[in-house]
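What follows is the content of coords_0.cif, which has mmCIF, C-alpha atoms:
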```cif
data_upload
#
loop_
_atom_site.group_PDB
_atom_site.id
_atom_site.type_symbol
_atom_site.label_atom_id
_atom_site.label_comp_id
_atom_site.auth_asym_id
_atom_site.auth_seq_id
_atom_site.Cartn_x
_atom_site.Cartn_y
_atom_site.Cartn_z
ATOM 1 C CA PRO A 997 -10.286 8.903 64.229
ATOM 2 C CA GLU A 998 -10.826 6.037 66.685
ATOM 3 C CA ILE A 999 -7.208 6.185 67.842
ATOM 4 C CA GLY A 1000 -6.975 9.967 67.877
ATOM 5 C CA ASN A 1001 -3.588 11.522 68.632
ATOM 6 C CA LYS A 1002 -2.083 8.538 70.450
ATOM 7 C CA LYS A 1003 1.566 7.919 69.756
ATOM 8 C CA MET A 1004 2.189 4.706 67.863
ATOM 9 C CA GLU A 1005 3.886 2.993 70.808
ATOM 10 C CA ALA A 1006 0.764 3.660 72.937
ATOM 11 C CA VAL A 1007 -1.680 1.963 70.531
ATOM 12 C CA THR A 1008 -3.036 -1.277 71.982
ATOM 13 C CA GLU A 1009 -4.709 -4.338 70.580
ATOM 14 C CA GLN A 1010 -7.960 -3.133 72.163
ATOM 15 C CA ASP A 1011 -7.691 0.119 70.181
ATOM 16 C CA CYS A 1012 -7.553 -1.969 67.030
ATOM 17 C CA GLN A 1013 -10.459 -4.149 68.159
ATOM 18 C CA ASN A 1014 -12.484 -0.991 68.881
ATOM 19 C CA ILE A 1015 -12.093 -0.004 65.217
ATOM 20 C CA LEU A 1016 -13.548 -3.350 64.114
ATOM 21 C CA ASN A 1017 -16.347 -3.089 66.687
ATOM 22 C CA LYS A 1018 -17.265 0.398 65.449
ATOM 23 C CA ALA A 1019 -17.376 -0.872 61.861
ATOM 24 C CA TYR A 1020 -19.783 -3.582 63.048
ATOM 25 C CA LYS A 1021 -21.965 -1.021 64.873
ATOM 26 C CA ASP A 1022 -21.987 1.082 61.683
ATOM 27 C CA GLY A 1023 -23.499 -1.911 59.833
ATOM 28 C CA ARG A 1024 -20.443 -2.930 57.811
ATOM 29 C CA THR A 1025 -20.406 -6.448 56.380
ATOM 30 C CA LYS A 1026 -18.159 -9.264 57.518
ATOM 31 C CA LYS A 1027 -16.080 -8.878 54.336
ATOM 32 C CA THR A 1028 -15.595 -5.136 54.892
ATOM 33 C CA ILE A 1029 -14.568 -5.686 58.512
ATOM 34 C CA ALA A 1030 -12.114 -8.387 57.393
ATOM 35 C CA ASN A 1031 -10.635 -5.887 54.915
ATOM 36 C CA ILE A 1032 -10.288 -3.311 57.701
ATOM 37 C CA ARG A 1033 -8.549 -5.917 59.875
ATOM 38 C CA GLY A 1034 -6.193 -6.660 56.977
ATOM 39 C CA ALA A 1035 -5.380 -2.952 56.604
ATOM 40 C CA ILE A 1036 -4.674 -2.665 60.342
ATOM 41 C CA ASN A 1037 -2.406 -5.722 60.278
ATOM 42 C CA GLY A 1038 -0.602 -4.445 57.184
ATOM 43 C CA PHE A 1039 -0.022 -1.044 58.750
ATOM 44 C CA LEU A 1040 1.213 -2.580 62.002
ATOM 45 C CA LYS A 1041 3.608 -4.836 60.101
ATOM 46 C CA TYR A 1042 5.027 -1.742 58.405
ATOM 47 C CA ALA A 1043 5.240 0.042 61.786
ATOM 48 C CA ARG A 1044 7.070 -2.931 63.351
ATOM 49 C CA LYS A 1045 9.576 -3.018 60.498
ATOM 50 C CA SER A 1046 10.070 0.737 60.958
ATOM 51 C CA GLY A 1047 10.769 0.222 64.657
ATOM 52 C CA VAL A 1048 7.918 2.387 65.957
ATOM 53 C CA THR A 1049 5.897 -0.393 67.620
ATOM 54 C CA THR A 1050 6.114 -3.964 68.781
ATOM 55 C CA LEU A 1051 2.345 -4.468 68.687
ATOM 56 C CA HIS A 1052 1.424 -7.718 67.002
ATOM 57 C CA PRO A 1053 -2.342 -8.223 67.459
ATOM 58 C CA GLU A 1054 -3.180 -11.888 67.202
ATOM 59 C CA GLU A 1055 -6.699 -11.881 68.541
ATOM 60 C CA LEU A 1056 -8.517 -9.266 66.434
ATOM 61 C CA LYS A 1057 -11.998 -10.694 66.018
ATOM 62 C CA ILE A 1058 -14.672 -9.955 63.498
ATOM 63 C CA PRO A 1059 -17.970 -9.764 65.408
ATOM 64 C CA LYS A 1060 -19.867 -13.007 64.842
ATOM 65 C CA LYS A 1061 -23.132 -11.229 64.100
ATOM 66 C CA ALA A 1062 -21.627 -9.047 61.362
ATOM 67 C CA PRO A 1063 -23.905 -9.355 58.330
ATOM 68 C CA THR A 1064 -22.820 -11.080 55.169
ATOM 69 C CA LYS A 1065 -23.761 -9.659 51.829
ATOM 70 C CA GLY A 1066 -25.175 -12.502 49.827
ATOM 71 C CA LYS A 1067 -24.631 -12.808 46.115
ATOM 72 C CA LYS A 1068 -27.552 -12.223 43.817
ATOM 73 C CA VAL A 1069 -27.743 -14.981 41.259
ATOM 74 C CA LEU A 1070 -29.848 -14.999 38.128
ATOM 75 C CA SER A 1071 -33.343 -16.303 38.684
ATOM 76 C CA GLN A 1072 -35.220 -18.287 36.072
ATOM 77 C CA SER A 1073 -37.143 -15.148 35.109
ATOM 78 C CA ASP A 1074 -33.842 -13.265 34.658
ATOM 79 C CA ILE A 1075 -32.577 -16.023 32.363
ATOM 80 C CA ASP A 1076 -35.875 -16.068 30.450
ATOM 81 C CA LYS A 1077 -35.581 -12.304 30.012
ATOM 82 C CA LEU A 1078 -31.968 -12.572 28.787
ATOM 83 C CA PHE A 1079 -32.818 -15.224 26.221
ATOM 84 C CA GLY A 1080 -36.167 -13.681 25.262
ATOM 85 C CA GLU A 1081 -36.932 -11.290 22.454
ATOM 86 C CA HIS A 1082 -34.579 -8.309 22.419
ATOM 87 C CA ASP A 1083 -33.086 -5.875 20.013
ATOM 88 C CA LYS A 1084 -30.948 -8.467 18.255
ATOM 89 C CA PHE A 1085 -28.283 -5.834 17.674
ATOM 90 C CA TYR A 1086 -27.756 -4.752 21.294
ATOM 91 C CA PHE A 1087 -23.987 -4.954 21.124
ATOM 92 C CA TYR A 1088 -23.242 -7.052 24.223
ATOM 93 C CA LEU A 1089 -26.344 -9.262 24.225
ATOM 94 C CA ASN A 1090 -24.579 -12.308 22.778
ATOM 95 C CA ALA A 1091 -21.658 -11.918 25.175
ATOM 96 C CA PHE A 1092 -24.027 -11.949 28.157
ATOM 97 C CA ARG A 1093 -25.889 -14.940 26.758
ATOM 98 C CA PHE A 1094 -22.649 -16.819 26.097
ATOM 99 C CA CYS A 1095 -21.422 -16.200 29.655
ATOM 100 C CA VAL A 1096 -24.635 -17.617 31.087
ATOM 101 C CA ALA A 1097 -24.708 -20.569 28.696
ATOM 102 C CA THR A 1098 -21.060 -21.564 29.213
ATOM 103 C CA GLY A 1099 -20.245 -20.274 32.696
ATOM 104 C CA LEU A 1100 -17.203 -18.367 31.406
ATOM 105 C CA ARG A 1101 -15.815 -15.514 33.492
ATOM 106 C CA ARG A 1102 -15.845 -12.121 31.778
ATOM 107 C CA GLY A 1103 -12.028 -12.027 31.624
ATOM 108 C CA GLU A 1104 -12.013 -15.385 29.847
ATOM 109 C CA LEU A 1105 -14.733 -14.247 27.464
ATOM 110 C CA VAL A 1106 -12.902 -11.134 26.260
ATOM 111 C CA ALA A 1107 -9.674 -13.081 25.674
ATOM 112 C CA LEU A 1108 -11.303 -15.510 23.216
ATOM 113 C CA GLN A 1109 -9.953 -15.276 19.680
ATOM 114 C CA LYS A 1110 -10.975 -16.910 16.459
ATOM 115 C CA PRO A 1111 -9.870 -19.190 14.913
ATOM 116 C CA ARG A 1112 -7.266 -19.821 17.645
ATOM 117 C CA ASP A 1113 -9.763 -20.699 20.389
ATOM 118 C CA LEU A 1114 -12.750 -21.951 18.389
ATOM 119 C CA GLN A 1115 -12.476 -24.908 16.054
ATOM 120 C CA ASN A 1116 -15.058 -27.500 15.046
ATOM 121 C CA GLY A 1117 -17.434 -26.680 17.892
ATOM 122 C CA ILE A 1118 -14.717 -26.890 20.533
ATOM 123 C CA LEU A 1119 -13.827 -23.778 22.492
ATOM 124 C CA THR A 1120 -10.409 -23.669 24.150
ATOM 125 C CA VAL A 1121 -10.121 -21.393 27.175
ATOM 126 C CA ARG A 1122 -6.415 -20.655 27.579
ATOM 127 C CA GLU A 1123 -6.080 -17.166 29.031
ATOM 128 C CA SER A 1124 -7.922 -14.358 30.738
ATOM 129 C CA VAL A 1125 -7.805 -10.571 30.893
ATOM 130 C CA ASN A 1126 -7.715 -9.004 34.344
ATOM 131 C CA LYS A 1127 -9.263 -5.697 35.442
ATOM 132 C CA PHE A 1128 -6.011 -3.904 34.544
ATOM 133 C CA GLY A 1129 -6.251 -5.102 30.937
ATOM 134 C CA GLU A 1130 -3.357 -7.539 31.372
ATOM 135 C CA VAL A 1131 -3.529 -10.894 29.599
ATOM 136 C CA THR A 1132 -2.843 -13.603 32.167
ATOM 137 C CA ASP A 1133 -3.022 -17.339 32.502
ATOM 138 C CA CYS A 1134 -6.443 -18.462 33.593
ATOM 139 C CA LYS A 1135 -7.423 -18.009 37.236
ATOM 140 C CA THR A 1136 -6.554 -21.610 38.182
ATOM 141 C CA ASP A 1137 -5.009 -24.613 36.475
ATOM 142 C CA ASN A 1138 -8.495 -26.085 36.088
ATOM 143 C CA SER A 1139 -9.614 -22.921 34.293
ATOM 144 C CA ARG A 1140 -7.607 -23.898 31.215
ATOM 145 C CA ARG A 1141 -10.070 -26.167 29.511
ATOM 146 C CA GLN A 1142 -11.899 -27.179 26.379
ATOM 147 C CA LEU A 1143 -15.649 -26.865 26.055
ATOM 148 C CA HIS A 1144 -17.660 -28.881 23.548
ATOM 149 C CA LEU A 1145 -20.284 -26.351 22.565
ATOM 150 C CA ASN A 1146 -23.919 -27.352 22.342
ATOM 151 C CA ASP A 1147 -26.482 -26.115 19.797
ATOM 152 C CA ILE A 1148 -27.542 -23.138 21.938
ATOM 153 C CA GLU A 1149 -23.950 -21.954 22.418
ATOM 154 C CA MET A 1150 -23.191 -22.395 18.710
ATOM 155 C CA LYS A 1151 -26.306 -20.364 17.826
ATOM 156 C CA ILE A 1152 -25.148 -17.565 20.116
ATOM 157 C CA LEU A 1153 -21.799 -17.515 18.309
ATOM 158 C CA ALA A 1154 -23.550 -17.484 14.920
ATOM 159 C CA ASP A 1155 -25.739 -14.572 16.094
ATOM 160 C CA GLN A 1156 -22.601 -12.768 17.266
ATOM 161 C CA GLU A 1157 -20.939 -13.218 13.860
ATOM 162 C CA LYS A 1158 -24.082 -11.978 12.110
ATOM 163 C CA MET A 1159 -24.277 -8.905 14.364
ATOM 164 C CA LEU A 1160 -20.589 -8.037 13.867
ATOM 165 C CA LYS A 1161 -20.930 -8.434 10.105
ATOM 166 C CA ALA A 1162 -24.006 -6.183 10.040
ATOM 167 C CA LYS A 1163 -22.046 -3.519 11.939
ATOM 168 C CA GLY A 1164 -19.012 -3.898 9.651
ATOM 169 C CA ILE A 1165 -16.710 -5.002 12.485
ATOM 170 C CA LYS A 1166 -13.811 -7.300 11.649
ATOM 171 C CA SER A 1167 -11.845 -8.618 14.599
ATOM 172 C CA LYS A 1168 -9.771 -11.547 15.759
ATOM 173 C CA TYR A 1169 -11.767 -11.446 18.999
ATOM 174 C CA ILE A 1170 -15.019 -13.372 19.285
ATOM 175 C CA PHE A 1171 -16.595 -10.686 21.491
ATOM 176 C CA PRO A 1172 -14.764 -7.458 20.543
ATOM 177 C CA ASN A 1173 -15.677 -3.914 21.463
ATOM 178 C CA THR A 1174 -17.349 -1.584 18.953
ATOM 179 C CA LEU A 1175 -13.959 -0.796 17.393
ATOM 180 C CA GLY A 1176 -13.087 -4.466 16.872
ATOM 181 C CA LEU A 1177 -10.503 -4.419 19.660
ATOM 182 C CA ARG A 1178 -10.406 -6.553 22.788
ATOM 183 C CA THR A 1179 -13.250 -5.575 25.119
ATOM 184 C CA ASP A 1180 -12.302 -4.334 28.584
ATOM 185 C CA PRO A 1181 -13.736 -6.837 31.109
ATOM 186 C CA GLU A 1182 -15.006 -3.916 33.200
ATOM 187 C CA THR A 1183 -17.344 -3.034 30.317
ATOM 188 C CA PHE A 1184 -19.454 -6.098 31.134
ATOM 189 C CA TYR A 1185 -19.440 -5.240 34.828
ATOM 190 C CA LYS A 1186 -20.636 -1.702 34.121
ATOM 191 C CA ARG A 1187 -23.349 -2.831 31.725
#
```
Just give me the structure as structure tokens.
Amino acid sequence: PEIGNKKMEAVTEQDCQNILNKAYKDGRTKKTIANIRGAINGFLKYARKSGVTTLHPEELKIPKKAPTKGKKVLSQSDIDKLFGEHDKFYFYLNAFRFCVATGLRRGELVALQKPRDLQNGILTVRESVNKFGEVTDCKTDNSRRQLHLNDIEMKILADQEKMLKAKGIKSKYIFPNTLGLRTDPETFYKR
């Protein structure tokens, strides 16, 4: 809408900058404006390859005062609540606790299998599951690692085993879904 019915060869770098400026005026975050800039650059690259423009904007700026959306981290009271008294059979409680205790990403958590990845108190993180359900190597080379589990982490795993047994779920996964299959990482995000 900001460009209107201009022909592609008439679009200028200022037209593109106006789109970013409008996003800023509309209260969009720095990350959103950067994504818009990326979409503009991607479209213009396609248009250049198609021979309909020669525009190559090099100076598209994200307004310096664009707000950033900070991350909300768990406070001590949130952690106390998570590890406090709960319905011991809330299905994903132990998974959430284990993530907090170990720092594992949700994709790493759902890929964990027993006994392959857990032996003698040592957890081996070797793969991850992405949002498309694809099993991949871990996010970085440093993500492949071994964790020596402490008493709290081992208790969480024991509680998980007890809960699965009580529900009659047999699975090769440490934190399976209610059918005993690999949990979709998006399940944790949604919950």
Report task. Check the smallest atom-to-atom distance from each of A:Asn1014, A:Ser1046, A:Thr1132, A:Asn1090 to Leu1153 of chain A using all atoms listed in the file, then report the winner. Result ->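 Of A:Asn1014, A:Ser1046, A:Thr1132, A:Asn1090, the one nearest Leu1153 of chain A is A:Asn1090, counting all atoms listed in the file.
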Report task. Translate the PyMOL selection byres ((chain A and resi 1104) around 7), as applied to the file shown, into an explicit residue set as a list in words. Result ->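 Selected by the PyMOL selection byres ((chain A and resi 1104) around 7) in this file: Leu1100, Arg1101, Arg1102, Gly1103, Leu1105, Val1106, Ala1107, Leu1108, Val1121, Glu1123, Ser1124 and Val1125 of chain A.
Nearest-residue note for His1144 of chain A: choosing from A:Asn1126, A:Thr1179, A:Gln1109, A:Thr1098, the minimum distance belongs to A:Thr1098, counting all atoms listed in the file.
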Report task. Please write as number ranges by chain the full residue list that the PyMOL selection byres ((chain A and resi 1086) around 12) yields on this file. Result -> A: 1078, 1081-1085, 1087-1093, 1155-1156, 1159-1160, 1162-1163, 1174, 1187
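Computed from the coordinates, the atom CA of Leu1114 of chain A to atom CA of Ile1148 of chain A distance equals 15.3 Å.
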Query raised in the report: What is the atom CA of Ala1030 of chain A to atom CA of Ala1006 of chain A distance in Å?
Result: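 Taking atom CA of Ala1030 of chain A and atom CA of Ala1006 of chain A, their separation equals 23.5 Å.
Among the candidate residues A:Ala1019, A:Ile1170, A:Ile1032, A:Met1150, the one lying nearest to Pro1059 of chain A is A:Ala1019, with distances computed using all atoms listed in the file.
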Point (-21.3, -10.0, 61.1) neighbourhood (9 Å, all atoms listed in the file) written as a PDB file with C-alpha atoms, in the coordinates of the input:
```pdb
ATOM      1  CA  TYR A1020     -19.783  -3.582  63.048  1.00  0.00           C
ATOM      2  CA  GLY A1023     -23.499  -1.911  59.833  1.00  0.00           C
ATOM      3  CA  ARG A1024     -20.443  -2.930  57.811  1.00  0.00           C
ATOM      4  CA  THR A1025     -20.406  -6.448  56.380  1.00  0.00           C
ATOM      5  CA  LYS A1026     -18.159  -9.264  57.518  1.00  0.00           C
ATOM      6  CA  LYS A1027     -16.080  -8.878  54.336  1.00  0.00           C
ATOM      7  CA  ILE A1029     -14.568  -5.686  58.512  1.00  0.00           C
ATOM      8  CA  ILE A1058     -14.672  -9.955  63.498  1.00  0.00           C
ATOM      9  CA  PRO A1059     -17.970  -9.764  65.408  1.00  0.00           C
ATOM     10  CA  LYS A1060     -19.867 -13.007  64.842  1.00  0.00           C
ATOM     11  CA  LYS A1061     -23.132 -11.229  64.100  1.00  0.00           C
ATOM     12  CA  ALA A1062     -21.627  -9.047  61.362  1.00  0.00           C
ATOM     13  CA  PRO A1063     -23.905  -9.355  58.330  1.00  0.00           C
ATOM     14  CA  THR A1064     -22.820 -11.080  55.169  1.00  0.00           C
TER      15      THR A1064
END
```
Query raised in the report: For Tyr1169 of chain A, which of A:Lys1110, A:Ser1139, A:Cys1012, A:Pro1181 is the closest residue, counting all atoms listed in the file?
Result: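 Closest to Tyr1169 of chain A, using all atoms listed in the file: A:Lys1110.
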Report task. Could you list the residues chosen by the PyMOL selection byres ((chain A and resi 1009) around 12) in this structure as JSON, numbers by chain? Result -> {"A": [999, 1004, 1005, 1006, 1007, 1008, 1010, 1011, 1012, 1013, 1014, 1015, 1016, 1033, 1036, 1037, 1040, 1049, 1050, 1051, 1052, 1053, 1054, 1055, 1056, 1057]}
